[in-house]
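Dropping my_file-v2.cif in here (mmCIF, C-alpha atoms):
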```
data_model
#
loop_
_atom_site.group_PDB
_atom_site.id
_atom_site.type_symbol
_atom_site.label_atom_id
_atom_site.label_comp_id
_atom_site.auth_asym_id
_atom_site.auth_seq_id
_atom_site.Cartn_x
_atom_site.Cartn_y
_atom_site.Cartn_z
ATOM 1 C CA MET U 14 -34.236 -28.529 21.586
ATOM 2 C CA GLN U 15 -31.447 -28.347 18.985
ATOM 3 C CA GLN U 16 -34.063 -27.852 16.263
ATOM 4 C CA THR U 17 -35.662 -24.979 18.192
ATOM 5 C CA GLY U 18 -32.243 -23.333 18.425
ATOM 6 C CA ASP U 19 -31.695 -23.792 14.680
ATOM 7 C CA HIS U 20 -35.107 -22.270 13.925
ATOM 8 C CA LYS U 21 -34.377 -19.315 16.173
ATOM 9 C CA ASN U 22 -30.988 -18.823 14.523
ATOM 10 C CA LYS U 23 -32.590 -18.990 11.095
ATOM 11 C CA ARG U 24 -35.199 -16.402 12.055
ATOM 12 C CA LEU U 25 -32.517 -14.070 13.417
ATOM 13 C CA PHE U 26 -30.432 -14.576 10.322
ATOM 14 C CA GLU U 27 -33.386 -13.862 8.039
ATOM 15 C CA ALA U 28 -33.929 -10.542 9.818
ATOM 16 C CA LEU U 29 -30.240 -9.768 9.317
ATOM 17 C CA VAL U 30 -30.460 -10.553 5.590
ATOM 18 C CA ARG U 31 -33.566 -8.422 5.107
ATOM 19 C CA ASP U 32 -32.042 -5.503 7.034
ATOM 20 C CA HIS U 33 -28.702 -5.421 5.253
ATOM 21 C CA GLN U 34 -29.099 -6.989 1.815
ATOM 22 C CA GLY U 35 -29.785 -3.636 0.139
ATOM 23 C CA GLN U 36 -26.555 -2.022 1.295
ATOM 24 C CA ILE U 37 -24.427 -5.126 0.804
ATOM 25 C CA ARG U 38 -25.672 -5.553 -2.764
ATOM 26 C CA ALA U 39 -25.202 -1.860 -3.576
ATOM 27 C CA PHE U 40 -21.698 -1.967 -2.091
ATOM 28 C CA LEU U 41 -20.759 -5.025 -4.166
ATOM 29 C CA ARG U 42 -22.291 -3.528 -7.306
ATOM 30 C CA ARG U 43 -20.107 -0.476 -6.939
ATOM 31 C CA LEU U 44 -17.039 -2.610 -6.323
ATOM 32 C CA CYS U 45 -17.381 -5.072 -9.166
ATOM 33 C CA LYS U 46 -19.437 -2.847 -11.530
ATOM 34 C CA ASN U 47 -21.550 -5.758 -12.670
ATOM 35 C CA HIS U 48 -25.072 -6.233 -11.350
ATOM 36 C CA SER U 49 -25.548 -9.955 -11.782
ATOM 37 C CA LEU U 50 -22.066 -10.753 -10.535
ATOM 38 C CA ALA U 51 -22.641 -8.491 -7.519
ATOM 39 C CA ASP U 52 -25.834 -10.362 -6.649
ATOM 40 C CA ASP U 53 -23.992 -13.694 -6.909
ATOM 41 C CA LEU U 54 -21.277 -12.374 -4.605
ATOM 42 C CA ALA U 55 -23.919 -11.015 -2.219
ATOM 43 C CA GLN U 56 -25.583 -14.422 -2.106
ATOM 44 C CA ASP U 57 -22.195 -15.991 -1.414
ATOM 45 C CA THR U 58 -21.597 -13.389 1.299
ATOM 46 C CA PHE U 59 -24.788 -14.319 3.129
ATOM 47 C CA LEU U 60 -24.125 -18.050 2.800
ATOM 48 C CA ARG U 61 -20.677 -17.521 4.351
ATOM 49 C CA ALA U 62 -22.223 -15.336 7.022
ATOM 50 C CA TYR U 63 -24.716 -18.070 7.878
ATOM 51 C CA GLN U 64 -21.916 -20.596 8.318
ATOM 52 C CA LYS U 65 -20.152 -18.178 10.687
ATOM 53 C CA PHE U 66 -23.312 -16.840 12.335
ATOM 54 C CA GLY U 67 -22.368 -18.389 15.669
ATOM 55 C CA SER U 68 -19.222 -16.242 15.804
ATOM 56 C CA LEU U 69 -21.232 -12.991 15.707
ATOM 57 C CA VAL U 70 -21.242 -11.981 19.364
ATOM 58 C CA ASP U 71 -22.571 -8.435 19.287
ATOM 59 C CA ALA U 72 -25.628 -7.702 17.144
ATOM 60 C CA LYS U 73 -24.562 -4.037 16.958
ATOM 61 C CA SER U 74 -21.471 -4.997 14.971
ATOM 62 C CA ALA U 75 -23.477 -7.088 12.481
ATOM 63 C CA LYS U 76 -23.311 -4.445 9.756
ATOM 64 C CA ALA U 77 -19.508 -4.091 9.878
ATOM 65 C CA TRP U 78 -19.217 -7.881 10.133
ATOM 66 C CA LEU U 79 -21.322 -8.362 6.979
ATOM 67 C CA PHE U 80 -19.358 -5.728 5.056
ATOM 68 C CA GLN U 81 -16.160 -7.507 6.110
ATOM 69 C CA ILE U 82 -17.431 -10.825 4.726
ATOM 70 C CA ALA U 83 -18.686 -9.085 1.560
ATOM 71 C CA TYR U 84 -15.323 -7.437 0.928
ATOM 72 C CA ARG U 85 -13.451 -10.717 1.512
ATOM 73 C CA THR U 86 -15.837 -12.470 -0.873
ATOM 74 C CA PHE U 87 -15.145 -9.803 -3.494
ATOM 75 C CA LEU U 88 -11.368 -10.106 -2.997
ATOM 76 C CA ASP U 89 -11.540 -13.905 -3.230
ATOM 77 C CA TYR U 90 -13.413 -13.572 -6.504
ATOM 78 C CA VAL U 91 -10.880 -11.089 -7.916
ATOM 79 C CA ARG U 92 -7.928 -13.297 -6.879
ATOM 80 C CA LYS U 93 -9.550 -16.367 -8.407
ATOM 81 C CA GLU U 94 -10.263 -14.530 -11.637
ATOM 82 C CA ASN U 95 -6.725 -13.138 -11.784
ATOM 83 C CA ARG U 96 -5.275 -16.600 -11.316
ATOM 84 C CA ARG U 97 -7.635 -18.039 -13.917
ATOM 85 C CA ARG U 98 -6.885 -15.438 -16.530
ATOM 86 C CA ASN U 99 -3.259 -15.068 -15.544
ATOM 87 C CA LEU U 100 -3.403 -11.320 -15.952
ATOM 88 C CA SER U 101 -1.175 -8.944 -14.112
ATOM 89 C CA ASP U 102 -3.785 -6.188 -14.129
ATOM 90 C CA LEU U 103 -6.819 -6.492 -11.978
ATOM 91 C CA TYR U 104 -9.544 -8.098 -14.031
ATOM 92 C CA LEU U 105 -13.038 -6.886 -13.599
ATOM 93 C CA PRO U 106 -15.985 -7.259 -15.947
ATOM 94 C CA LYS U 107 -16.900 -4.294 -18.086
ATOM 95 C CA PRO U 108 -19.143 -1.801 -16.306
ATOM 96 C CA GLU U 109 -22.778 -2.298 -17.217
ATOM 97 C CA SER U 110 -24.219 0.812 -15.804
ATOM 98 C CA ILE U 111 -22.507 3.554 -17.796
ATOM 99 C CA GLU U 112 -25.176 4.918 -20.023
ATOM 100 C CA GLN U 113 -24.475 6.332 -23.437
ATOM 101 C CA GLY U 114 -25.689 9.736 -24.526
ATOM 102 C CA LYS U 115 -25.936 13.007 -22.654
ATOM 103 C CA PRO U 116 -23.530 13.281 -19.743
ATOM 104 C CA SER U 117 -25.259 13.604 -16.386
ATOM 105 C CA ILE U 118 -24.217 14.209 -12.789
ATOM 106 C CA LYS U 119 -24.969 10.523 -12.082
ATOM 107 C CA MET U 120 -22.516 9.423 -14.757
ATOM 108 C CA ASP U 121 -19.880 11.873 -13.593
ATOM 109 C CA ILE U 122 -20.028 10.661 -10.000
ATOM 110 C CA GLU U 123 -19.733 7.132 -11.281
ATOM 111 C CA GLN U 124 -16.690 8.087 -13.331
ATOM 112 C CA ALA U 125 -15.116 9.970 -10.424
ATOM 113 C CA MET U 126 -15.615 6.965 -8.154
ATOM 114 C CA ASN U 127 -14.450 4.492 -10.801
ATOM 115 C CA ALA U 128 -11.193 6.431 -11.068
ATOM 116 C CA LEU U 129 -10.425 5.273 -7.510
ATOM 117 C CA SER U 130 -8.996 1.839 -6.781
ATOM 118 C CA SER U 131 -11.482 -0.712 -5.456
ATOM 119 C CA GLU U 132 -9.887 -0.445 -1.999
ATOM 120 C CA GLN U 133 -10.280 3.335 -1.969
ATOM 121 C CA ARG U 134 -13.822 3.098 -3.350
ATOM 122 C CA ALA U 135 -14.740 0.593 -0.644
ATOM 123 C CA ALA U 136 -13.327 2.824 2.111
ATOM 124 C CA VAL U 137 -15.170 5.901 0.798
ATOM 125 C CA LEU U 138 -18.480 4.067 0.448
ATOM 126 C CA LEU U 139 -18.262 2.443 3.870
ATOM 127 C CA ASN U 140 -17.454 5.742 5.539
ATOM 128 C CA LEU U 141 -19.546 8.294 3.686
ATOM 129 C CA SER U 142 -22.508 6.245 2.512
ATOM 130 C CA TYR U 143 -22.904 3.452 5.044
ATOM 131 C CA GLY U 144 -21.713 5.304 8.124
ATOM 132 C CA LEU U 145 -18.994 2.953 9.336
ATOM 133 C CA SER U 146 -16.353 4.415 11.636
ATOM 134 C CA HIS U 147 -12.675 4.399 10.655
ATOM 135 C CA PHE U 148 -12.056 1.626 13.164
ATOM 136 C CA GLU U 149 -14.873 -0.515 11.724
ATOM 137 C CA ILE U 150 -13.471 0.041 8.225
ATOM 138 C CA THR U 151 -10.008 -1.157 9.286
ATOM 139 C CA LYS U 152 -11.633 -4.409 10.413
ATOM 140 C CA ALA U 153 -13.870 -4.730 7.366
ATOM 141 C CA LEU U 154 -11.128 -4.107 4.808
ATOM 142 C CA GLY U 155 -8.256 -5.555 6.813
ATOM 143 C CA LEU U 156 -6.194 -2.371 6.376
ATOM 144 C CA PRO U 157 -4.245 -0.240 8.862
ATOM 145 C CA LEU U 158 -5.935 2.894 10.195
ATOM 146 C CA GLY U 159 -3.507 5.220 8.376
ATOM 147 C CA THR U 160 -4.250 3.578 5.024
ATOM 148 C CA VAL U 161 -8.003 3.802 5.590
ATOM 149 C CA LYS U 162 -7.751 7.504 6.427
ATOM 150 C CA SER U 163 -5.610 8.182 3.368
ATOM 151 C CA HIS U 164 -8.028 6.240 1.116
ATOM 152 C CA ILE U 165 -10.960 8.281 2.403
ATOM 153 C CA ALA U 166 -9.041 11.541 2.000
ATOM 154 C CA ARG U 167 -8.130 10.591 -1.568
ATOM 155 C CA GLY U 168 -11.765 9.747 -2.297
ATOM 156 C CA LYS U 169 -12.919 13.096 -0.957
ATOM 157 C CA THR U 170 -10.320 14.879 -3.076
ATOM 158 C CA ALA U 171 -11.628 13.093 -6.174
ATOM 159 C CA LEU U 172 -15.213 14.024 -5.330
ATOM 160 C CA ARG U 173 -14.217 17.605 -4.612
ATOM 161 C CA ALA U 174 -12.465 17.817 -7.990
ATOM 162 C CA PHE U 175 -15.560 16.425 -9.638
ATOM 163 C CA LEU U 176 -17.755 19.022 -7.933
ATOM 164 C CA THR U 177 -15.464 21.867 -8.979
ATOM 165 C CA ALA U 178 -15.480 20.644 -12.593
ATOM 166 C CA TYR U 179 -19.249 20.255 -12.488
ATOM 167 C CA GLU U 180 -19.775 23.789 -11.176
ATOM 168 C CA ARG U 181 -17.535 25.231 -13.898
ATOM 169 C CA ALA U 182 -19.376 23.393 -16.671
ATOM 170 C CA MET F 23 -14.275 20.549 12.393
ATOM 171 C CA MET F 24 -17.529 22.169 11.241
ATOM 172 C CA GLN F 25 -16.122 22.406 7.729
ATOM 173 C CA ASP F 26 -15.317 18.671 7.835
ATOM 174 C CA ASN F 27 -18.847 17.829 8.933
ATOM 175 C CA PHE F 28 -20.260 20.048 6.211
ATOM 176 C CA ASP F 29 -18.016 18.378 3.614
ATOM 177 C CA ASP F 30 -18.976 14.902 4.813
ATOM 178 C CA LYS F 31 -22.664 15.738 4.555
ATOM 179 C CA MET F 32 -22.140 17.170 1.087
ATOM 180 C CA PHE F 33 -20.244 14.059 -0.066
ATOM 181 C CA LYS F 34 -22.844 11.825 1.496
ATOM 182 C CA ASP F 35 -25.601 13.661 -0.403
ATOM 183 C CA LEU F 36 -23.524 13.456 -3.562
ATOM 184 C CA LEU F 37 -23.170 9.692 -3.190
ATOM 185 C CA ASN F 38 -26.768 9.223 -2.104
ATOM 186 C CA GLU F 39 -27.984 7.843 -5.397
ATOM 187 C CA TYR F 40 -24.700 6.159 -6.290
ATOM 188 C CA ALA F 41 -24.699 4.045 -3.111
ATOM 189 C CA ALA F 42 -28.453 3.707 -2.676
ATOM 190 C CA PRO F 43 -29.458 0.331 -1.181
ATOM 191 C CA MET F 44 -31.023 -2.082 -3.647
ATOM 192 C CA ASP F 45 -34.659 -3.175 -3.452
ATOM 193 C CA ASP F 46 -35.050 -6.651 -2.079
ATOM 194 C CA ALA F 47 -37.028 -7.990 -5.091
ATOM 195 C CA GLY F 48 -36.973 -11.557 -3.774
ATOM 196 C CA PHE F 49 -33.269 -11.573 -2.960
ATOM 197 C CA SER F 50 -33.731 -12.374 0.757
ATOM 198 C CA ASP F 51 -36.114 -15.220 -0.062
ATOM 199 C CA ALA F 52 -33.577 -16.642 -2.534
ATOM 200 C CA VAL F 53 -30.823 -16.455 0.105
ATOM 201 C CA MET F 54 -32.991 -18.134 2.744
ATOM 202 C CA ALA F 55 -34.034 -20.851 0.294
ATOM 203 C CA GLY F 56 -30.387 -21.498 -0.547
ATOM 204 C CA LEU F 57 -29.322 -22.019 3.063
ATOM 205 C CA MET F 58 -28.200 -25.555 3.682
ATOM 206 C CA PRO F 59 -28.718 -27.151 7.066
ATOM 207 C CA PRO F 60 -25.446 -26.779 8.958
ATOM 208 C CA LYS F 61 -23.028 -29.406 7.738
ATOM 209 C CA PRO F 62 -21.958 -32.076 10.199
ATOM 210 C CA ARG F 63 -18.385 -31.473 11.205
ATOM 211 C CA LYS F 64 -15.820 -33.249 9.054
ATOM 212 C CA ALA F 65 -13.772 -33.961 12.148
ATOM 213 C CA TYR F 66 -16.516 -36.191 13.551
ATOM 214 C CA PHE F 67 -16.517 -38.250 10.371
ATOM 215 C CA VAL F 68 -12.762 -38.601 10.651
ATOM 216 C CA GLY F 69 -13.134 -39.569 14.308
ATOM 217 C CA ILE F 70 -15.836 -42.155 13.637
ATOM 218 C CA ALA F 71 -13.806 -43.639 10.774
ATOM 219 C CA ALA F 72 -10.719 -43.748 12.996
ATOM 220 C CA ALA F 73 -12.688 -45.449 15.801
ATOM 221 C CA LEU F 74 -14.155 -48.060 13.401
ATOM 222 C CA GLY F 75 -10.767 -48.689 11.826
ATOM 223 C CA GLY F 76 -9.145 -48.892 15.249
ATOM 224 C CA GLY F 77 -11.789 -51.353 16.472
ATOM 225 C CA TYR F 78 -11.328 -53.542 13.422
ATOM 226 C CA ALA F 79 -7.565 -53.412 13.861
ATOM 227 C CA ALA F 80 -7.916 -54.329 17.546
ATOM 228 C CA LEU F 81 -10.003 -57.397 16.602
ATOM 229 C CA GLN F 82 -7.183 -58.534 14.346
ATOM 230 C CA VAL F 83 -4.528 -58.317 17.066
ATOM 231 C CA PRO F 84 -4.962 -61.951 18.296
ATOM 232 C CA ASN F 85 -4.564 -63.220 14.694
ATOM 233 C CA LEU F 86 -1.520 -61.050 14.238
ATOM 234 C CA TRP F 87 -0.075 -62.327 17.475
ATOM 235 C CA ARG F 88 -0.696 -65.937 16.401
ATOM 236 C CA TYR F 89 1.108 -65.315 13.111
ATOM 237 C CA ILE F 90 4.023 -63.637 14.827
ATOM 238 C CA SER F 91 4.394 -66.415 17.373
ATOM 239 C CA ALA F 92 4.394 -68.969 14.533
ATOM 240 C CA ILE F 93 7.511 -67.412 13.052
ATOM 241 C CA ASN F 94 10.666 -69.273 13.969
ATOM 242 C CA LEU F 95 13.726 -67.153 13.609
ATOM 243 C CA PRO F 96 17.118 -68.825 13.480
ATOM 244 C CA THR F 97 18.924 -68.461 16.752
ATOM 245 C CA LEU F 98 22.201 -66.639 16.636
ATOM 246 C CA ASN F 99 25.082 -67.640 18.800
ATOM 247 C CA ILE F 100 26.228 -64.329 20.093
ATOM 248 C CA PRO F 101 28.386 -64.417 23.150
ATOM 249 C CA LYS F 102 26.576 -62.831 26.062
ATOM 250 C CA LEU F 103 28.184 -59.600 27.184
ATOM 251 C CA ASP F 104 28.238 -58.664 30.781
ATOM 252 C CA ILE F 105 26.540 -55.241 30.536
ATOM 253 C CA PRO F 106 23.803 -53.848 32.776
ATOM 254 C CA GLN F 107 20.280 -54.440 31.412
ATOM 255 C CA ILE F 108 17.981 -51.536 30.700
ATOM 256 C CA GLU F 109 14.210 -51.863 30.864
ATOM 257 C CA THR F 110 13.117 -51.438 27.247
ATOM 258 C CA ALA F 111 9.924 -51.785 25.290
ATOM 259 C CA SER F 112 11.006 -55.239 24.110
ATOM 260 C CA SER F 113 10.917 -56.453 27.672
ATOM 261 C CA MET F 114 7.268 -55.394 28.079
ATOM 262 C CA SER F 115 4.420 -57.812 27.647
ATOM 263 C CA PRO F 116 2.616 -57.778 24.280
ATOM 264 C CA TYR F 117 -0.624 -56.795 26.033
ATOM 265 C CA THR F 118 1.063 -53.716 27.477
ATOM 266 C CA LEU F 119 2.370 -52.825 24.022
ATOM 267 C CA VAL F 120 -1.029 -53.246 22.323
ATOM 268 C CA SER F 121 -2.941 -51.340 24.982
ATOM 269 C CA GLY F 122 -0.283 -48.611 24.971
ATOM 270 C CA THR F 123 -0.577 -48.273 21.190
ATOM 271 C CA LEU F 124 -4.370 -48.079 21.401
ATOM 272 C CA PHE F 125 -4.176 -45.396 24.081
ATOM 273 C CA MET F 126 -1.751 -43.464 21.909
ATOM 274 C CA LEU F 127 -4.066 -43.712 18.856
ATOM 275 C CA ILE F 128 -7.043 -42.545 20.906
ATOM 276 C CA PHE F 129 -4.973 -39.654 22.226
ATOM 277 C CA ILE F 130 -3.932 -38.652 18.682
ATOM 278 C CA TRP F 131 -7.534 -38.884 17.518
ATOM 279 C CA LEU F 132 -8.797 -36.688 20.349
ATOM 280 C CA CYS F 133 -6.071 -34.130 19.623
ATOM 281 C CA SER F 134 -6.938 -34.057 15.912
ATOM 282 C CA VAL F 135 -10.679 -33.669 16.627
ATOM 283 C CA PHE F 136 -9.928 -30.816 18.994
ATOM 284 C CA LEU F 137 -7.565 -29.072 16.566
ATOM 285 C CA LEU F 138 -9.737 -29.573 13.469
ATOM 286 C CA GLU F 139 -12.766 -28.282 15.324
ATOM 287 C CA ASP F 140 -10.923 -25.067 16.088
ATOM 288 C CA SER F 141 -9.785 -24.607 12.501
ATOM 289 C CA MET F 142 -13.193 -25.195 10.903
#
```
Please lay out the structure from this file as structure tokens.
Amino acid sequence: MQQTGDHKNKRLFEALVRDHQGQIRAFLRRLCKNHSLADDLAQDTFLRAYQKFGSLVDAKSAKAWLFQIAYRTFLDYVRKENRRRNLSDLYLPKPESIEQGKPSIKMDIEQAMNALSSEQRAAVLLNLSYGLSHFEITKALGLPLGTVKSHIARGKTALRAFLTAYERA
Amino acid sequence: MMQDNFDDKMFKDLLNEYAAPMDDAGFSDAVMAGLMPPKPRKAYFVGIAAALGGGYAALQVPNLWRYISAINLPTLNIPKLDIPQIETASSMSPYTLVSGTLFMLIFIWLCSVFLLEDSM
């Protein structure tokens, strides 16, 4: 009986992983700017999620719940690295994805987004790209509503400035 | 309001490629293969160890009692004062003391299992 329950849980969890892995990995890649590290953190995210799977009550909130775990996993990693390296500035590995050569719109967006803090970048991505509401973002990032709104507004300003510069060029 | 919606759509399109979901490429299979069977709760191990230790300790009580009763303390000649006597633990039987202690240990164990379960 217990085993049947475990199997059912595992099947449900597998569906959850397959549905959301793409967005969680992309989100983490944009936060930590390192592909292999992002995949390690994503794996860690899903392992943590599996341990807490019983606490997920509403399947509709699964996406916000997973983003919350992913963001906490990222923060834990950053804190651990900061402690290890004893640096006052936030340590993050060098970006892998900035290509050399002719500037492109892809590169410029990346630069505009990288100019934001990781908290702001996370808020902008969750809202504009992954469709989370402001309330869901407050839960996922553990920030007050006012801060989330200001982060998103700042992100939009940065993107608007990028667009204006791009149109002039 | 309409301007906001238009802006949001524009930003969303702008970030479309930047935030595009990754292809699975075996990632889900790797996650599922890495899942451990749920770990047995640490609190149960602690509880079982406490029960075994408590049982062993309880078996030793008669020996302990024999040793204690073999001790002969020198008697002191203190003049007896005429004060009212209060019922204290020392006036209880050793069996009451031992069973009371065991009940207390079991109570502490149950509390710790309950609390640890909540925190894990």
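You can rank U:Asn127, U:Leu141, U:His48, U:Ala166 by their closest distance to F:Met32 using only C-alpha atoms, and at the top of that list sits U:Leu141.
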Using only C-alpha atoms, find each residue in chain U having at least one atom no more than 6 Å away from chain F; report its shortest atom-to-atom pair and that distance in Å (one decimal), rows by chain then rising number, as a Markdown table.
```
| residue | atom | partner | partner_atom | distance |
| --- | --- | --- | --- | --- |
| U:Arg31 | CA | F:Ser50 | CA | 5.9 |
| U:Gly35 | CA | F:Pro43 | CA | 4.2 |
| U:Gln36 | CA | F:Pro43 | CA | 4.5 |
| U:Ala39 | CA | F:Pro43 | CA | 5.4 |
| U:Leu141 | CA | F:Lys34 | CA | 5.3 |
| U:Ser142 | CA | F:Lys34 | CA | 5.7 |
```
Self-check item: Non-local contacts of U:Tyr84 (9 Å; only C-alpha atoms; under 5 positions in same chain excluded) as a count of residues only
Solution: 9
Quiz prompt | For atom CA of U:Gln64 and atom CA of U:Arg43, the interatomic separation in Å (one decimal) | solution = 25.3 Å
Quiz item: What gap, in Å, lies between atom CA of F:Ile130 and atom CA of F:Pro116?
Solution: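 Value for the atom CA of F:Ile130-atom CA of F:Pro116 distance: 21.0 Å.
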Self-check item: Distance in Å - atom CA of U:Leu156 versus atom CA of U:Val30
Solution: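 Distance between the two atoms: 25.6 Å.
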Quick one: which residues end up in the PyMOL selection byres ((chain U and resi 132) around 9) for this structure, as a CSV table (one decimal) with C-alpha atoms, in the coordinates of the input?
```
chain,number,residue,atom,x,y,z
U,44,LEU,CA,-17.0,-2.6,-6.3
U,129,LEU,CA,-10.4,5.3,-7.5
U,130,SER,CA,-9.0,1.8,-6.8
U,131,SER,CA,-11.5,-0.7,-5.5
U,133,GLN,CA,-10.3,3.3,-2.0
U,134,ARG,CA,-13.8,3.1,-3.4
U,135,ALA,CA,-14.7,0.6,-0.6
U,136,ALA,CA,-13.3,2.8,2.1
U,137,VAL,CA,-15.2,5.9,0.8
U,154,LEU,CA,-11.1,-4.1,4.8
U,161,VAL,CA,-8.0,3.8,5.6
U,164,HIS,CA,-8.0,6.2,1.1
```
Practice problem: Up to 12 Å from (-11.8, -10.7, -5.6) in the file's coordinates: name the residues, counting all atoms listed in the file, as a ChimeraX atom specification. | Solution: /U:41,44-45,50-51,54,82-97,103-106,131-132
Exercise. Name the residues that the PyMOL selection byres ((chain F and resi 67-77) around 9) pulls out of this structure, and write them as a PyMOL selection string.
Key: chain F and resi 62-66+78-82+124+127-128+131-132+134-135
